[in-house]
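What follows is the content of input_27.tsv, which has TSV, C-alpha atoms and all ligand atoms:
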chain	number	residue	atom	x	y	z
A	10	MET	CA	0.00	0.00	0.00
A	11	ASP	CA	1.44	3.39	-0.91
A	12	ALA	CA	2.03	6.09	1.71
A	13	GLN	CA	-0.70	8.41	0.38
A	14	LYS	CA	-3.39	5.71	0.60
A	15	LEU	CA	-2.18	4.71	4.06
A	16	ALA	CA	-2.32	8.33	5.29
A	17	CYS	CA	-5.80	8.76	3.80
A	18	LEU	CA	-7.16	5.64	5.54
A	19	GLN	CA	-5.55	6.59	8.83
A	20	SER	CA	-7.05	10.10	8.63
A	21	MET	CA	-10.46	8.40	8.30
A	22	GLY	CA	-9.77	6.56	11.54
A	23	ILE	CA	-9.40	3.21	9.75
A	24	ALA	CA	-6.89	0.95	11.44
A	25	VAL	CA	-4.39	-0.32	8.89
A	26	TRP	CA	-2.15	-3.26	9.53
A	27	VAL	CA	1.24	-2.71	7.91
A	28	ARG	CA	3.23	-5.84	7.18
A	29	ARG	CA	6.71	-6.23	8.55
A	30	ASP	CA	8.75	-9.17	7.32
A	31	TYR	CA	11.00	-10.82	9.86
A	32	ALA	CA	13.96	-13.01	8.90
A	33	GLY	CA	13.05	-16.66	9.08
A	34	ARG	CA	9.34	-15.96	9.59
A	35	ALA	CA	6.66	-16.16	6.92
A	36	ALA	CA	4.89	-12.84	6.31
A	37	GLU	CA	1.29	-12.85	7.57
A	38	PRO	CA	-1.44	-11.82	5.11
A	39	GLU	CA	-2.26	-8.11	5.08
A	40	ALA	CA	-5.61	-7.30	6.68
A	41	ASP	CA	-8.35	-5.76	4.54
A	42	PRO	CA	-8.23	-2.04	5.45
A	43	LEU	CA	-11.91	-1.74	4.59
A	44	ASP	CA	-13.00	-4.59	6.88
A	45	PRO	CA	-15.74	-2.98	9.00
A	46	ALA	CA	-15.12	-5.21	12.01
A	47	GLY	CA	-13.90	-2.92	14.75
A	48	MET	CA	-14.75	0.34	12.94
A	49	ASP	CA	-16.42	3.11	14.89
A	50	TRP	CA	-19.01	5.46	13.31
A	51	GLN	CA	-16.31	7.93	12.34
A	52	ALA	CA	-14.51	5.29	10.30
A	53	LEU	CA	-17.57	3.45	9.05
A	54	GLU	CA	-19.38	6.27	7.28
A	55	PRO	CA	-16.55	7.34	4.93
A	56	ALA	CA	-15.66	3.68	4.32
A	57	VAL	CA	-19.21	3.03	3.11
A	58	ALA	CA	-19.11	6.20	0.99
A	59	ALA	CA	-15.99	4.86	-0.74
A	60	CYS	CA	-17.27	1.29	-1.10
A	61	GLU	CA	-16.96	-0.46	-4.46
A	62	ARG	CA	-17.67	-3.99	-3.25
A	63	CYS	CA	-20.42	-4.50	-5.81
A	64	GLU	CA	-21.43	-3.09	-9.18
A	65	LEU	CA	-24.06	-0.79	-7.68
A	66	HIS	CA	-21.38	1.78	-6.89
A	67	ARG	CA	-21.26	2.62	-10.60
A	68	GLY	CA	-24.80	3.97	-10.76
A	69	ARG	CA	-25.14	5.76	-7.44
A	70	THR	CA	-25.33	9.50	-6.91
A	71	GLN	CA	-24.16	8.83	-3.36
A	72	THR	CA	-24.34	6.08	-0.77
A	73	VAL	CA	-27.29	6.17	1.62
A	74	PHE	CA	-25.65	5.38	4.91
A	75	GLY	CA	-28.54	5.64	7.35
A	76	VAL	CA	-29.92	8.29	9.67
A	77	GLY	CA	-31.14	8.78	13.18
A	78	ASN	CA	-30.17	8.04	16.74
A	79	ARG	CA	-27.00	5.98	16.76
A	80	ARG	CA	-27.90	4.48	20.14
A	81	ALA	CA	-31.57	3.96	19.32
A	82	GLU	CA	-33.91	1.51	21.01
A	83	PHE	CA	-35.38	0.64	17.59
A	84	MET	CA	-33.43	0.13	14.39
A	85	ILE	CA	-35.45	-0.01	11.20
A	86	VAL	CA	-33.98	-1.88	8.25
A	87	GLY	CA	-35.35	-1.40	4.75
A	88	GLU	CA	-34.17	-2.84	1.49
A	89	ALA	CA	-32.45	-0.29	-0.78
A	90	PRO	CA	-32.47	3.39	-1.74
A	91	GLY	CA	-34.88	4.53	-4.43
A	92	ALA	CA	-34.35	7.45	-6.78
A	93	GLU	CA	-35.26	10.12	-4.22
A	94	GLU	CA	-33.15	8.50	-1.49
A	95	ASP	CA	-30.22	8.29	-3.89
A	96	ARG	CA	-30.60	12.00	-4.66
A	97	ARG	CA	-30.97	13.10	-1.03
A	98	GLY	CA	-28.72	10.57	0.65
A	99	GLU	CA	-31.37	9.64	3.19
A	100	PRO	CA	-33.42	6.43	3.52
A	101	PHE	CA	-37.22	6.38	3.49
A	102	VAL	CA	-38.06	9.75	2.01
A	103	GLY	CA	-41.04	10.47	-0.21
A	104	ARG	CA	-44.52	9.03	0.34
A	105	ALA	CA	-43.34	5.75	1.85
A	106	GLY	CA	-41.09	7.66	4.23
A	107	LYS	CA	-43.94	9.91	5.32
A	108	LEU	CA	-46.07	6.86	6.07
A	109	LEU	CA	-43.24	5.34	8.10
A	110	ASP	CA	-42.93	8.62	10.02
A	111	ALA	CA	-46.68	8.60	10.71
A	112	MET	CA	-46.53	5.02	11.99
A	113	LEU	CA	-43.61	5.88	14.26
A	114	ALA	CA	-45.47	8.94	15.52
A	115	ALA	CA	-48.45	6.74	16.38
A	116	LEU	CA	-46.09	4.71	18.56
A	117	GLY	CA	-44.82	7.90	20.19
A	118	PHE	CA	-41.53	8.15	18.30
A	119	ASP	CA	-39.99	10.71	16.00
A	120	ARG	CA	-37.82	9.64	13.04
A	121	SER	CA	-34.82	11.05	14.91
A	122	ASP	CA	-35.48	8.68	17.84
A	123	VAL	CA	-34.81	5.56	15.78
A	124	PHE	CA	-31.97	4.54	13.47
A	125	ILE	CA	-32.97	3.81	9.87
A	126	ALA	CA	-30.76	1.98	7.38
A	127	ASN	CA	-31.08	-0.26	4.36
A	128	VAL	CA	-29.73	-3.66	3.36
A	129	LEU	CA	-28.10	-1.95	0.37
A	130	LYS	CA	-26.42	1.43	0.62
A	131	CYS	CA	-26.55	2.10	-3.14
A	132	ARG	CA	-29.56	2.36	-5.40
A	133	PRO	CA	-30.26	-0.54	-7.76
A	134	ALA	CA	-31.12	0.72	-11.25
A	135	GLU	CA	-34.82	1.10	-12.05
A	136	ASN	CA	-35.59	0.40	-8.39
A	137	ARG	CA	-35.28	-3.32	-9.03
A	138	ASP	CA	-35.03	-5.76	-6.13
A	139	PRO	CA	-31.65	-6.26	-4.45
A	140	ARG	CA	-29.76	-9.27	-5.82
A	141	PRO	CA	-28.42	-11.87	-3.37
A	142	GLU	CA	-24.81	-11.12	-4.29
A	143	GLU	CA	-25.38	-7.39	-3.68
A	144	ALA	CA	-26.98	-8.04	-0.29
A	145	ALA	CA	-24.06	-10.32	0.59
A	146	ALA	CA	-21.49	-7.72	-0.49
A	147	CYS	CA	-23.18	-5.01	1.56
A	148	ALA	CA	-23.87	-7.22	4.60
A	149	PRO	CA	-20.74	-6.30	6.59
A	150	TRP	CA	-21.73	-2.61	6.59
A	151	LEU	CA	-25.22	-3.26	7.92
A	152	ASP	CA	-23.93	-5.82	10.42
A	153	ARG	CA	-21.47	-3.27	11.78
A	154	GLN	CA	-24.19	-0.60	12.02
A	155	ILE	CA	-26.33	-2.99	14.05
A	156	ALA	CA	-23.37	-3.83	16.28
A	157	LEU	CA	-22.74	-0.12	16.92
A	158	VAL	CA	-26.38	0.87	17.51
A	159	GLN	CA	-27.07	-2.14	19.75
A	160	PRO	CA	-30.84	-1.73	19.34
A	161	ARG	CA	-33.28	-3.38	21.70
A	162	VAL	CA	-35.36	-4.42	18.69
A	163	LEU	CA	-34.75	-4.61	14.94
A	164	ILE	CA	-37.71	-3.93	12.67
A	165	ALA	CA	-37.30	-5.45	9.21
A	166	VAL	CA	-39.55	-3.71	6.71
A	167	GLY	CA	-40.17	-5.64	3.55
A	168	LYS	CA	-39.19	-9.08	2.32
A	169	HIS	CA	-35.57	-8.32	1.43
A	170	ALA	CA	-34.73	-6.85	4.83
A	171	ALA	CA	-36.41	-9.74	6.63
A	172	GLN	CA	-34.69	-12.38	4.53
A	173	ARG	CA	-31.29	-10.71	4.90
A	174	LEU	CA	-31.50	-10.35	8.68
A	175	LEU	CA	-32.97	-13.78	9.28
A	176	GLY	CA	-31.00	-15.70	6.65
A	177	THR	CA	-34.11	-17.25	5.16
A	178	ASP	CA	-35.98	-17.25	1.89
A	179	SER	CA	-39.41	-17.57	3.52
A	180	PRO	CA	-42.05	-15.16	2.22
A	181	LEU	CA	-42.79	-12.13	4.35
A	182	GLY	CA	-46.33	-13.28	5.09
A	183	ARG	CA	-44.91	-16.28	6.95
A	184	LEU	CA	-42.37	-14.25	8.89
A	185	ARG	CA	-44.47	-11.45	10.30
A	186	GLY	CA	-46.65	-11.67	13.40
A	187	ARG	CA	-44.07	-13.32	15.68
A	188	PRO	CA	-40.63	-12.43	17.05
A	189	HIS	CA	-37.40	-13.69	15.48
A	190	ARG	CA	-33.74	-13.23	16.39
A	191	TYR	CA	-30.69	-11.65	14.78
A	192	GLY	CA	-28.04	-12.92	17.17
A	193	LYS	CA	-29.44	-11.87	20.52
A	194	VAL	CA	-31.50	-9.00	19.13
A	195	PRO	CA	-35.26	-9.58	18.69
A	196	VAL	CA	-36.49	-8.95	15.15
A	197	VAL	CA	-40.00	-8.01	14.11
A	198	VAL	CA	-40.92	-8.30	10.44
A	199	THR	CA	-43.50	-6.05	8.84
A	200	TRP	CA	-44.77	-4.84	5.49
A	201	HIS	CA	-42.81	-2.20	3.59
A	202	PRO	CA	-44.53	1.23	3.67
A	203	ALA	CA	-44.51	1.26	-0.16
A	204	TYR	CA	-46.63	-1.91	-0.03
A	205	LEU	CA	-48.96	-0.31	2.51
A	206	LEU	CA	-49.51	2.59	0.12
A	207	ARG	CA	-50.75	0.07	-2.46
A	208	ARG	CA	-52.62	-2.11	0.06
A	209	PRO	CA	-53.95	0.19	2.82
A	210	GLU	CA	-55.93	-2.70	4.30
A	211	ALA	CA	-52.58	-4.18	5.44
A	212	LYS	CA	-51.95	-1.18	7.74
A	213	ALA	CA	-53.71	-2.98	10.59
A	214	ASP	CA	-51.11	-5.80	10.29
A	215	ALA	CA	-48.30	-3.27	10.33
A	216	TRP	CA	-49.70	-1.60	13.41
A	217	ARG	CA	-49.84	-4.97	15.23
A	218	ASP	CA	-46.22	-5.58	14.21
A	219	LEU	CA	-45.11	-2.24	15.66
A	220	VAL	CA	-47.00	-2.92	18.88
A	221	LEU	CA	-45.19	-6.27	19.07
A	222	ALA	CA	-41.87	-4.46	18.58
A	223	LEU	CA	-42.72	-2.05	21.37
A	224	SER	CA	-43.63	-4.86	23.75
A	225	LEU	CA	-40.35	-6.66	22.94
A	226	ALA	CA	-38.38	-3.48	23.60
A	227	ARG	CA	-40.03	-3.31	26.99
A	228	GLY	CA	-38.95	-6.89	27.64
A	229	ASP	CA	-42.34	-8.53	27.21
A	230	GLY	CA	-42.35	-11.98	25.62
A	231	ALA	CA	-39.18	-12.09	23.42
B	301	LIG	S1	-24.43	-1.51	-2.42
B	301	LIG	FE1	-23.15	-1.79	-0.61
B	301	LIG	S2	-21.57	-3.26	-1.25
B	301	LIG	FE2	-22.48	-2.42	-3.13
B	301	LIG	S3	-21.14	-0.68	-3.64
B	301	LIG	FE3	-22.86	0.11	-2.43
B	301	LIG	S4	-22.07	0.17	-0.31
B	301	LIG	FE4	-20.73	-1.17	-1.51
The structure given in the file should be rewritten as structure tokens.
Amino acid sequence: MDAQKLACLQSMGIAVWVRRDYAGRAAEPEADPLDPAGMDWQALEPAVAACERCELHRGRTQTVFGVGNRRAEFMIVGEAPGAEEDRRGEPFVGRAGKLLDAMLAALGFDRSDVFIANVLKCRPAENRDPRPEEAAACAPWLDRQIALVQPRVLIAVGKHAAQRLLGTDSPLGRLRGRPHRYGKVPVVVTWHPAYLLRRPEAKADAWRDLVLALSLARGDGA
């Protein structure tokens, strides 16, 4: 690694292991300087902004890192930025975002009280679904965000978020309505707000899911 790149990574707070070869001792492999394990928020955000782990980096206006309270009780995970999110750099904006805000308000929370992030940090073209290889490439960033937030409850909105967090290919309809686990963290699965805009009759389900999330955060019945 050249000195300029090393200085740049160190200025971002990214720990870089520099190899030293000792006589008679095999050189150990150089650590990946963009491995999120161990990164703090200060290092993580610029590392995500510079990420080229999958092809989606080519079409993005910017990465959509996530917003909100970095020590939130609730962390909401969606699937991927859309056109407006890509333009503004914030997840869940537009009509679906407003509906999410209204649902949070009904629970007594403001958007700034929770942390909101997506499975993918870059927008897929034409708002297509995330591909498995893209979700896998982006997984270390989301995993590190969850580790840093340490939420009491994760709320997976939409099929792709639920399947990514739970490591399953079960349909969303079979996953919602009961608690799951991501490591030790309870997970509640619910409909994506964009789906609720198309199917308003499903809002009652979503409300029950949020009430379940609230009861889990209070320590009831995980
Ligand atoms: S979607 Fe994720 S893995 Fe792919 S380039 Fe963007 S930040 Fe990197």
Go ahead and fit an axis-aligned box to every listed atom of ligand LIG 301 (chain B) plus 3 Å each side, and pass me the centre and edge lengths in Å, one decimal, as lines of an AutoDock Vina configuration file.
center_x = -22.6
center_y = -1.5
center_z = -2.0
size_x = 9.7
size_y = 9.4
size_z = 9.3
- For each of A:Thr199, A:Gln51, A:Gln71, A:Gln154, take the minimum atom-to-atom distance to ligand LIG 301 (chain B), counting all atoms listed in the file, then give the residue where this is smallest. A:Gln71
- Query: Once you count all atoms listed in the file, which residues end up within 8 Å of ligand LIG 301 (chain B), and could you hand them over as a ChimeraX atom specification?
  - Reply: /A:57-67,69,72,128-133,143-148,150
- Surrounding residues of region 81-97 of chain A excluding itself and chain neighbours under 4 positions, 8 Å, all atoms listed in the file, as a PyMOL selection string: chain A and resi 69-73+77+101-103+122-133+136+139+155+158-167+169-170+201+226
- Task: Quick one: pull the distance between CA of Pro202 (chain A) and CA of Leu109 (chain A), Å, one decimal.
- Result: 6.2 Å
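Nearest residue to Trp216 (chain A) among A:Ala115, A:Val76, A:Leu53, A:Ala156 is A:Ala115, counting all atoms listed in the file.
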- Item | CA of Glu135 (chain A) to CA of Asp44 (chain A), straight-line distance in Å |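 The value is 29.4 Å.
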- Query: For Ala215 (chain A), which of A:Leu184, A:Met112, A:Asp229, A:Leu175 is the closest residue, counting only C-alpha atoms?
  - Reply: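 For Ala215 (chain A), the nearest of the given residues is A:Met112.
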- Task: In Å, rounded to a single decimal, give me how far CA of Arg208 (chain A) is from CA of Ala114 (chain A).
- Result: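 Separation of CA of Ala114 (chain A) and CA of Arg208 (chain A): 20.3 Å.
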- Query: Which polymer residues have any atom within 12 Å of an atom of Gly117 (chain A), counting only C-alpha atoms, with same-chain residues fewer than 6 positions away left out, as a VMD selection string?
  - Reply: chain A and resid 110 to 111 123 219 to 220 223
